[in-house]
Amino acid sequence: QVQLVESGGGLVQAGGSLRLSCAASGRTFNSYTMSWFRQAPGKEREFVAAVSWNSGVTYYADSVKGRFTISRDNAKNTVYLQMNSLKPEDTAVYYCAADSRRLMYGSTWYAYGYEYDYWGQGTQVTVSS
């Protein structure tokens, strides 16, 4: 079992930055693919970013590429999402997700939320214009 707890959300002005954290419990964290998804009011949940177990592979949604960076610290059982140049359209609840499958170049499953084994409770990010 893996439990995920997100933190770091809040209210920020457009152009600002936030760093989200996702703390994981469980001895197998180091082997899990970790991802961030988000869900805005009235919209479906969407993929944001994913990182492989050894940080060797990362994927980003086109909408955040160049502005967001996903990283992980396996010694701390934590994955991060650094969000820069935030826009009002980034406003959403951000969720951390974990899956036991390996993320590799050419993988496609990572973008689909139903593929993931574990989810956090979410953290609200609000970007004002």
# chains A, B, ... in the order shown; residues from 1 in each chain; ligands from 1
>>> residues_around(residues="Gly10 in chain A", least_positions_apart="4", cutoff="7 Å", atoms="only C-alpha atoms", output="number ranges by chain")
A: 124-126
>>> select_by_dssp(residues="chain A", states="strand (DSSP E or B)", output="number ranges by chain")
A: 3-7, 10-13, 18-25, 33-39, 46-51, 58-60, 68-73, 78-83, 92-99, 118-119, 123-128
>>> residues_around(residues="Phe47 in chain A", least_positions_apart="2", cutoff="7 Å", atoms="only C-alpha atoms", output="PyMOL selection string")
chain A and resi 36-38+49+61+111
>>> residues_around(residues="Ile70 in chain A", least_positions_apart="5", cutoff="8 Å", atoms="only C-alpha atoms", output="ChimeraX atom specification")
/A:49-51,58,79-82
>>> residues_around(residues="Glu115 in chain A", least_positions_apart="6", cutoff="12 Å", atoms="only C-alpha atoms", output="JSON, numbers by chain")
{"A": [33, 34, 35, 47, 97, 98, 99, 100, 101, 108, 109]}
>>> closest_atom_pairs(of="range 50-110 of chain A", to="range 14-32 of chain A", cutoff="10 Å", atoms="only C-alpha atoms", output="Markdown table")
| residue | atom | partner | partner_atom | distance |
| --- | --- | --- | --- | --- |
| A:Val51 | CA | A:Tyr32 | CA | 9.1 |
| A:Ser52 | CA | A:Tyr32 | CA | 7.2 |
| A:Trp53 | CA | A:Ser31 | CA | 5.1 |
| A:Asn54 | CA | A:Asn30 | CA | 7.7 |
| A:Arg67 | CA | A:Ser17 | CA | 9.5 |
| A:Phe68 | CA | A:Arg19 | CA | 9.4 |
| A:Thr69 | CA | A:Arg19 | CA | 9.4 |
| A:Ile70 | CA | A:Leu20 | CA | 9.5 |
| A:Ser71 | CA | A:Ser21 | CA | 9.7 |
| A:Arg72 | CA | A:Cys22 | CA | 9.2 |
| A:Asp73 | CA | A:Asn30 | CA | 8.8 |
| A:Asn74 | CA | A:Asn30 | CA | 5.5 |
| A:Ala75 | CA | A:Asn30 | CA | 8.3 |
| A:Lys76 | CA | A:Ala23 | CA | 7.9 |
| A:Asn77 | CA | A:Ala24 | CA | 5.4 |
| A:Thr78 | CA | A:Ala23 | CA | 4.6 |
| A:Val79 | CA | A:Cys22 | CA | 5.2 |
| A:Tyr80 | CA | A:Ser21 | CA | 4.6 |
| A:Leu81 | CA | A:Leu20 | CA | 5.0 |
| A:Gln82 | CA | A:Arg19 | CA | 4.4 |
| A:Met83 | CA | A:Leu18 | CA | 5.2 |
| A:Asn84 | CA | A:Ser17 | CA | 4.4 |
| A:Ser85 | CA | A:Gly15 | CA | 4.2 |
| A:Leu86 | CA | A:Gly15 | CA | 4.9 |
| A:Lys87 | CA | A:Ala14 | CA | 5.0 |
| A:Pro88 | CA | A:Ala14 | CA | 6.2 |
| A:Glu89 | CA | A:Ala14 | CA | 9.5 |
| A:Asp90 | CA | A:Ala14 | CA | 9.4 |
| A:Tyr94 | CA | A:Leu20 | CA | 8.6 |
| A:Tyr95 | CA | A:Cys22 | CA | 8.7 |
| A:Cys96 | CA | A:Cys22 | CA | 6.3 |
| A:Ala97 | CA | A:Cys22 | CA | 9.0 |
| A:Ala98 | CA | A:Tyr32 | CA | 6.1 |
| A:Asp99 | CA | A:Tyr32 | CA | 5.5 |
| A:Ser100 | CA | A:Tyr32 | CA | 4.7 |
| A:Arg101 | CA | A:Tyr32 | CA | 6.7 |
| A:Arg102 | CA | A:Tyr32 | CA | 7.1 |
| A:Leu103 | CA | A:Tyr32 | CA | 8.7 |
>>> closest_residue(among="A:Glu6, A:Ala92, A:Tyr116, A:Asp62", to="Gln39 in chain A", atoms="only C-alpha atoms")
A:Ala92
>>> select_by_dssp(residues="chain A", states="helix (DSSP H, G or I)", output="PyMOL selection string")
chain A and resi 29-31+88-90+109-111+113-115
>>> closest_residue(among="A:Gly120, A:Gly56, A:Gly66, A:Pro41", to="Tyr105 in chain A", atoms="only C-alpha atoms")
A:Gly56
